[in-house]
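Structure first, then comments.
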Amino acid sequence: MIREILKPSGKLNIVLRDKHGNIKEELNVDNLVVTTGRNYIAARMTATGAPTDMSHMAVGSTSTTAALGDTALGGELGRVALTTGEGVPDDNTIVYTATFPAGTGNGALQEAAVFNASTNGTMLCRTTFNTVNKGTDDSVTITWTVTIS
């Protein structure tokens with residue numbers, strides 16, 4: 001009997017930079033692929049009715065632990081378009097990258113998520129992390145690696 005189990009997982013690299021581009025802080029954290037994200041992955045296997053591609057990343061201010069039933073951030077502070085994440089995944093992995101420039105997503109960041117729309121949309125995955133204090137002159141780049149194993 002053949003038995004295979006697919007398990008989506010992810011990791012983030014979060015880099016906070018000052019206005020001169022100097023690294024102020026860097027974190028590496030795991031994430032949770034939520035139920036809507038798992039359903040999204042399954043729906044991509046059909047030729048009809050496939051959902052819109054993941055296109056945006058958001059950051060927020062809520063530290064409530066990520067749960068399978070999450071569909072939105074608890075306290076969204078900003079959302080930007082992905083700068084990478086298109087194309088064909090390689091080795092069961094896709095990498096999403098987004099940069100929150102000076103003036104966007106400022107505050108005490110404690111959560112992040114990937115969505116397929118500039119507002120609302122389907123959440124693929126969500127994570128919480130130790131507070132990253134993003135000032136108005138700072139930028140944050142998040143590189144999010146999602147693997148199906």
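Letters A, B, ... mark the chains of the structure tokens in the order given; residue numbers begin at 1 per chain; ligand numbers begin at 1, in order shown.
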Mind checking DSSP for chain A and telling me the strand (DSSP E or B) residues as an MDAnalysis selection string? chainID A and resid 8:17 23:33 56:60 76:81 84 90 93:100 107:115 123:134 139:148
Which residue of A:Leu82, A:Thr128, A:Ser149, A:Val95 approaches A:Asn28 most closely, using only C-alpha atoms: A:Thr128
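Atom pair atom CA of A:Ala67 / atom CA of A:Gly37: separated by 11.8 Å.
All residues of stretch 2-141 of chain A that DSSP, run on the backbone, classes as alpha helix (DSSP H) are Thr35, Thr36, Gly37, Arg38, Asn39, Tyr40, Ile41, Ala42 and Ala43 of chain A.
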Same residues, N, CA and C atoms, saved as a PDB file, in the first residue's frame:
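result.pdb, written as the output of this step:
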```pdb
ATOM      1  N   THR A  35      -5.785  26.830   7.007  1.00  0.00           N
ATOM      2  CA  THR A  35      -6.753  26.005   6.279  1.00  0.00           C
ATOM      3  C   THR A  35      -7.096  26.601   4.923  1.00  0.00           C
ATOM      4  N   THR A  36      -7.330  27.927   4.860  1.00  0.00           N
ATOM      5  CA  THR A  36      -7.639  28.531   3.561  1.00  0.00           C
ATOM      6  C   THR A  36      -6.461  28.379   2.610  1.00  0.00           C
ATOM      7  N   GLY A  37      -5.241  28.400   3.134  1.00  0.00           N
ATOM      8  CA  GLY A  37      -4.057  28.194   2.311  1.00  0.00           C
ATOM      9  C   GLY A  37      -3.958  26.769   1.801  1.00  0.00           C
ATOM     10  N   ARG A  38      -4.285  25.819   2.645  1.00  0.00           N
ATOM     11  CA  ARG A  38      -4.259  24.412   2.232  1.00  0.00           C
ATOM     12  C   ARG A  38      -5.317  24.164   1.155  1.00  0.00           C
ATOM     13  N   ASN A  39      -6.502  24.756   1.344  1.00  0.00           N
ATOM     14  CA  ASN A  39      -7.557  24.640   0.337  1.00  0.00           C
ATOM     15  C   ASN A  39      -7.133  25.310  -0.970  1.00  0.00           C
ATOM     16  N   TYR A  40      -6.442  26.430  -0.864  1.00  0.00           N
ATOM     17  CA  TYR A  40      -5.927  27.139  -2.028  1.00  0.00           C
ATOM     18  C   TYR A  40      -4.962  26.245  -2.810  1.00  0.00           C
ATOM     19  N   ILE A  41      -4.043  25.600  -2.098  1.00  0.00           N
ATOM     20  CA  ILE A  41      -3.074  24.708  -2.748  1.00  0.00           C
ATOM     21  C   ILE A  41      -3.799  23.581  -3.477  1.00  0.00           C
ATOM     22  N   ALA A  42      -4.799  22.970  -2.841  1.00  0.00           N
ATOM     23  CA  ALA A  42      -5.559  21.884  -3.472  1.00  0.00           C
ATOM     24  C   ALA A  42      -6.319  22.394  -4.697  1.00  0.00           C
ATOM     25  N   ALA A  43      -6.884  23.597  -4.610  1.00  0.00           N
ATOM     26  CA  ALA A  43      -7.648  24.152  -5.720  1.00  0.00           C
ATOM     27  C   ALA A  43      -6.768  24.445  -6.931  1.00  0.00           C
TER      28      ALA A  43
END
```
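The space between atom CA of A:Asn116 and atom CA of A:Asp137 spans 27.4 Å.
Atom to atom, atom CA of A:Asn31 and atom CA of A:Gly78 stand 18.7 Å apart.
Take the candidates A:Thr147, A:Thr93, A:Ser118, A:Gln110 and check each one against A:Met54 using only C-alpha atoms; the shortest distance goes to A:Ser118.
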Selected residue, from A:Thr143, A:Thr83, A:Ser55, A:Asn130, that lies nearest to A:Glu25 when counting only C-alpha atoms: A:Asn130
Shortest interatomic distance to A:Pro51 - which of A:Ala66, A:Val34, A:Ala81, A:Met123, counting only C-alpha atoms: A:Met123
6 Å contact set for A:Ile148, only C-alpha atoms, chain neighbours under 6 positions out, as a ChimeraX atom specification: /A:7-8,92
